[in-house]
>>> print(open('model.pdb').read())   # PDB, C-alpha atoms
MODEL        1
ATOM      1  CA  GLN A   1      92.451 120.194  64.539  1.00  0.00           C
ATOM      2  CA  VAL A   2      92.389 121.955  61.207  1.00  0.00           C
ATOM      3  CA  LEU A   3      93.645 120.033  58.198  1.00  0.00           C
ATOM      4  CA  LEU A   4      93.910 121.080  54.568  1.00  0.00           C
ATOM      5  CA  VAL A   5      94.992 118.196  52.348  1.00  0.00           C
ATOM      6  CA  GLU A   6      95.884 118.796  48.721  1.00  0.00           C
ATOM      7  CA  SER A   7      95.994 116.178  46.001  1.00  0.00           C
ATOM      8  CA  GLY A   8      96.062 115.897  42.235  1.00  0.00           C
ATOM      9  CA  GLY A   9      99.551 117.087  41.489  1.00  0.00           C
ATOM     10  CA  GLY A  10     101.934 115.269  39.226  1.00  0.00           C
ATOM     11  CA  LEU A  11     104.021 115.375  36.077  1.00  0.00           C
ATOM     12  CA  VAL A  12     102.399 116.626  32.887  1.00  0.00           C
ATOM     13  CA  GLN A  13     103.612 117.767  29.496  1.00  0.00           C
ATOM     14  CA  THR A  14     103.338 121.320  28.243  1.00  0.00           C
ATOM     15  CA  GLY A  15      99.781 121.984  27.168  1.00  0.00           C
ATOM     16  CA  GLY A  16      98.352 119.362  29.462  1.00  0.00           C
ATOM     17  CA  SER A  17      95.838 119.635  32.274  1.00  0.00           C
ATOM     18  CA  LEU A  18      95.586 118.767  35.939  1.00  0.00           C
ATOM     19  CA  ARG A  19      92.905 119.243  38.556  1.00  0.00           C
ATOM     20  CA  LEU A  20      94.013 119.894  42.099  1.00  0.00           C
ATOM     21  CA  SER A  21      91.791 119.265  45.097  1.00  0.00           C
ATOM     22  CA  CYS A  22      92.023 120.505  48.658  1.00  0.00           C
ATOM     23  CA  VAL A  23      89.862 118.872  51.305  1.00  0.00           C
ATOM     24  CA  ALA A  24      89.385 120.791  54.535  1.00  0.00           C
ATOM     25  CA  SER A  25      88.458 119.513  57.963  1.00  0.00           C
ATOM     26  CA  GLY A  26      88.181 121.155  61.344  1.00  0.00           C
ATOM     27  CA  ILE A  27      86.730 124.389  59.942  1.00  0.00           C
ATOM     28  CA  ILE A  28      83.326 125.609  58.819  1.00  0.00           C
ATOM     29  CA  PHE A  29      84.335 125.379  55.187  1.00  0.00           C
ATOM     30  CA  SER A  30      81.509 127.500  53.795  1.00  0.00           C
ATOM     31  CA  ASP A  31      82.558 130.425  56.007  1.00  0.00           C
ATOM     32  CA  ASN A  32      86.087 130.517  54.611  1.00  0.00           C
ATOM     33  CA  THR A  33      87.561 132.232  51.610  1.00  0.00           C
ATOM     34  CA  MET A  34      89.690 129.614  49.905  1.00  0.00           C
ATOM     35  CA  GLY A  35      92.754 130.177  47.811  1.00  0.00           C
ATOM     36  CA  TRP A  36      95.515 128.506  45.879  1.00  0.00           C
ATOM     37  CA  TYR A  37      99.116 129.668  46.005  1.00  0.00           C
ATOM     38  CA  ARG A  38     102.282 128.273  44.536  1.00  0.00           C
ATOM     39  CA  GLN A  39     105.999 128.329  45.195  1.00  0.00           C
ATOM     40  CA  ALA A  40     108.592 127.485  42.605  1.00  0.00           C
ATOM     41  CA  PRO A  41     112.145 126.487  43.577  1.00  0.00           C
ATOM     42  CA  GLY A  42     114.143 129.514  44.629  1.00  0.00           C
ATOM     43  CA  LYS A  43     111.154 131.834  44.428  1.00  0.00           C
ATOM     44  CA  GLN A  44     108.694 133.325  46.874  1.00  0.00           C
ATOM     45  CA  ARG A  45     105.222 131.927  47.244  1.00  0.00           C
ATOM     46  CA  GLU A  46     102.792 133.658  44.919  1.00  0.00           C
ATOM     47  CA  PHE A  47      99.067 134.063  44.655  1.00  0.00           C
ATOM     48  CA  VAL A  48      97.244 131.950  42.070  1.00  0.00           C
ATOM     49  CA  ALA A  49      93.508 132.224  42.698  1.00  0.00           C
ATOM     50  CA  THR A  50      90.898 132.768  45.382  1.00  0.00           C
ATOM     51  CA  ILE A  51      87.200 132.078  45.758  1.00  0.00           C
ATOM     52  CA  THR A  52      85.066 133.775  48.365  1.00  0.00           C
ATOM     53  CA  THR A  53      82.242 132.367  50.450  1.00  0.00           C
ATOM     54  CA  VAL A  54      79.750 133.590  47.846  1.00  0.00           C
ATOM     55  CA  GLY A  55      81.715 132.270  44.900  1.00  0.00           C
ATOM     56  CA  SER A  56      83.477 135.374  43.672  1.00  0.00           C
ATOM     57  CA  THR A  57      86.798 134.524  42.088  1.00  0.00           C
ATOM     58  CA  ASN A  58      90.070 136.291  41.499  1.00  0.00           C
ATOM     59  CA  TYR A  59      93.103 135.150  39.510  1.00  0.00           C
ATOM     60  CA  ALA A  60      96.706 136.056  39.021  1.00  0.00           C
ATOM     61  CA  ASP A  61      97.282 137.543  35.584  1.00  0.00           C
ATOM     62  CA  SER A  62      99.641 134.696  34.732  1.00  0.00           C
ATOM     63  CA  VAL A  63      96.876 132.083  35.014  1.00  0.00           C
ATOM     64  CA  LYS A  64      93.797 133.974  33.818  1.00  0.00           C
ATOM     65  CA  GLY A  65      91.991 132.091  31.094  1.00  0.00           C
ATOM     66  CA  ARG A  66      93.862 128.871  31.858  1.00  0.00           C
ATOM     67  CA  PHE A  67      93.040 128.056  35.489  1.00  0.00           C
ATOM     68  CA  THR A  68      89.635 127.839  37.160  1.00  0.00           C
ATOM     69  CA  ILE A  69      89.007 127.768  40.895  1.00  0.00           C
ATOM     70  CA  SER A  70      85.789 126.288  42.251  1.00  0.00           C
ATOM     71  CA  ARG A  71      84.416 124.978  45.508  1.00  0.00           C
ATOM     72  CA  ASP A  72      81.988 122.351  46.704  1.00  0.00           C
ATOM     73  CA  ASN A  73      80.825 123.257  50.186  1.00  0.00           C
ATOM     74  CA  ALA A  74      79.026 119.924  50.592  1.00  0.00           C
ATOM     75  CA  LYS A  75      82.376 118.171  50.174  1.00  0.00           C
ATOM     76  CA  ASN A  76      84.506 120.755  52.022  1.00  0.00           C
ATOM     77  CA  THR A  77      86.644 120.867  48.901  1.00  0.00           C
ATOM     78  CA  VAL A  78      88.190 123.552  46.728  1.00  0.00           C
ATOM     79  CA  TYR A  79      89.455 122.719  43.258  1.00  0.00           C
ATOM     80  CA  LEU A  80      91.900 124.216  40.818  1.00  0.00           C
ATOM     81  CA  GLN A  81      91.434 123.140  37.215  1.00  0.00           C
ATOM     82  CA  MET A  82      94.637 123.892  35.351  1.00  0.00           C
ATOM     83  CA  ASN A  83      94.655 123.811  31.556  1.00  0.00           C
ATOM     84  CA  SER A  84      97.254 124.725  28.952  1.00  0.00           C
ATOM     85  CA  LEU A  85     100.004 124.141  31.471  1.00  0.00           C
ATOM     86  CA  ARG A  86     103.427 125.662  30.890  1.00  0.00           C
ATOM     87  CA  PRO A  87     106.858 124.847  32.319  1.00  0.00           C
ATOM     88  CA  GLU A  88     106.691 128.077  34.344  1.00  0.00           C
ATOM     89  CA  ASP A  89     103.667 126.664  36.187  1.00  0.00           C
ATOM     90  CA  THR A  90     105.971 124.139  37.854  1.00  0.00           C
ATOM     91  CA  ALA A  91     105.702 124.645  41.622  1.00  0.00           C
ATOM     92  CA  VAL A  92     104.340 123.315  44.866  1.00  0.00           C
ATOM     93  CA  TYR A  93     100.682 124.318  45.008  1.00  0.00           C
ATOM     94  CA  SER A  94      99.131 124.931  48.413  1.00  0.00           C
ATOM     95  CA  CYS A  95      95.625 125.801  49.480  1.00  0.00           C
ATOM     96  CA  LYS A  96      94.753 128.414  52.052  1.00  0.00           C
ATOM     97  CA  ALA A  97      91.660 128.964  54.161  1.00  0.00           C
ATOM     98  CA  VAL A  98      90.867 132.379  55.581  1.00  0.00           C
ATOM     99  CA  ARG A  99      88.158 133.469  57.956  1.00  0.00           C
ATOM    100  CA  GLY A 100      88.815 136.794  59.618  1.00  0.00           C
ATOM    101  CA  PHE A 101      92.202 136.604  61.297  1.00  0.00           C
ATOM    102  CA  ARG A 102      92.291 132.800  61.117  1.00  0.00           C
ATOM    103  CA  ILE A 103      94.509 131.514  58.324  1.00  0.00           C
ATOM    104  CA  TYR A 104      95.312 127.902  57.593  1.00  0.00           C
ATOM    105  CA  TRP A 105      97.585 126.319  55.010  1.00  0.00           C
ATOM    106  CA  GLY A 106      97.900 122.894  53.513  1.00  0.00           C
ATOM    107  CA  GLN A 107     101.201 121.107  52.947  1.00  0.00           C
ATOM    108  CA  GLY A 108     101.057 121.392  49.194  1.00  0.00           C
ATOM    109  CA  THR A 109     101.176 119.184  46.137  1.00  0.00           C
ATOM    110  CA  GLN A 110     103.910 119.208  43.505  1.00  0.00           C
ATOM    111  CA  VAL A 111     103.065 120.120  39.930  1.00  0.00           C
ATOM    112  CA  THR A 112     105.765 119.608  37.326  1.00  0.00           C
ATOM    113  CA  VAL A 113     105.286 120.622  33.707  1.00  0.00           C
ATOM    114  CA  SER A 114     107.820 119.229  31.269  1.00  0.00           C
ATOM    115  CA  SER A 115     108.777 121.053  28.094  1.00  0.00           C
TER
ENDMDL
END
>>> encode(input="model.pdb", output="C-alpha cells")
Amino acid sequence: QVLLVESGGGLVQTGGSLRLSCVASGIIFSDNTMGWYRQAPGKQREFVATITTVGSTNYADSVKGRFTISRDNAKNTVYLQMNSLRPEDTAVYSCKAVRGFRIYWGQGTQVTVSS
C-alpha cells in the first residue's frame, strides 16, 4: 500500500515561515519525481514545485525565491521550505509522487497565513 503523509502545516503570520514534510511508503522513493501542489478554497489545485529523481527543481512563478523544495531519499521524505509567506499562500498543500504512469497523492496539510 502506497502512503504519502504530509505534515508541518499550521497558522502563521504574513512574512513567516513553515516547512512541510511528506513521508512516502510503499514506493521506491528515489525513483519518483516528487511534487507539491496546493488548493485554496473555491479554487482549482495548482502546481507549486517539483523535484526530479536527480534533484532538478521547478517552481511556480508565484513562489519562486520564497519556497524551496528538497528531498532526502534516505528518509523517503520531500520537503517544502516556505518563507515570506503571504495570505494568498493559504491552501491545503499536498504532495505527489510520479513514476511513469503511476501517480500517488497525499491527503494534504492545511497552511493558513494571517494578514
>>> closest_residue(input="model.pdb", among="A:Ile103, A:Ile28, A:Ala91, A:Val113", to="Asn73 of chain A", atoms="only C-alpha atoms")
A:Ile28
>>> resolve_selection(input="model.pdb", expression="the PyMOL selection byres ((chain A and resi 45) around 12)", output="PyMOL selection string")
chain A and resi 36-44+46-48+91-95+108
>>> atom_distance(input="model.pdb", atom1="atom CA of Ile51 of chain A", atom2="atom CA of Ser84 of chain A")
20.9 Å
>>> resolve_selection(input="model.pdb", expression="the PyMOL selection byres ((chain A and resi 13-23) around 6)", output="ChimeraX atom specification")
/A:4-8,12,24,76-86,113-115
>>> write_last_selection(input="model.pdb", atoms="C-alpha atoms", output="compact mmCIF listing (two decimals), in the coordinates of the input")
# COMPACT_ATOMS: atom_id res chain seq x y z
CA LEU A 4 93.91 121.08 54.57
CA VAL A 5 94.99 118.20 52.35
CA GLU A 6 95.88 118.80 48.72
CA SER A 7 95.99 116.18 46.00
CA GLY A 8 96.06 115.90 42.24
CA VAL A 12 102.40 116.63 32.89
CA ALA A 24 89.38 120.79 54.54
CA ASN A 76 84.51 120.76 52.02
CA THR A 77 86.64 120.87 48.90
CA VAL A 78 88.19 123.55 46.73
CA TYR A 79 89.46 122.72 43.26
CA LEU A 80 91.90 124.22 40.82
CA GLN A 81 91.43 123.14 37.22
CA MET A 82 94.64 123.89 35.35
CA ASN A 83 94.66 123.81 31.56
CA SER A 84 97.25 124.72 28.95
CA LEU A 85 100.00 124.14 31.47
CA ARG A 86 103.43 125.66 30.89
CA VAL A 113 105.29 120.62 33.71
CA SER A 114 107.82 119.23 31.27
CA SER A 115 108.78 121.05 28.09
>>> residues_around(input="model.pdb", residues="Arg102 of chain A", least_positions_apart="5", cutoff="12 Å", atoms="all atoms listed in the file", output="VMD selection string")
chain A and resid 2 27 to 28 31 to 34 96 to 97
>>> atom_distance(input="model.pdb", atom1="atom CA of Leu11 of chain A", atom2="atom CA of Asp89 of chain A")
11.3 Å
>>> closest_residue(input="model.pdb", among="A:Gln110, A:Phe29, A:Val54, A:Gly35", to="Thr68 of chain A", atoms="all atoms listed in the file")
A:Gly35
>>> atom_distance(input="model.pdb", atom1="atom CA of Thr90 of chain A", atom2="atom CA of Leu3 of chain A")
24.1 Å
>>> closest_residue(input="model.pdb", among="A:Thr109, A:Gln1, A:Val98, A:Lys75", to="Thr52 of chain A", atoms="only C-alpha atoms")
A:Val98
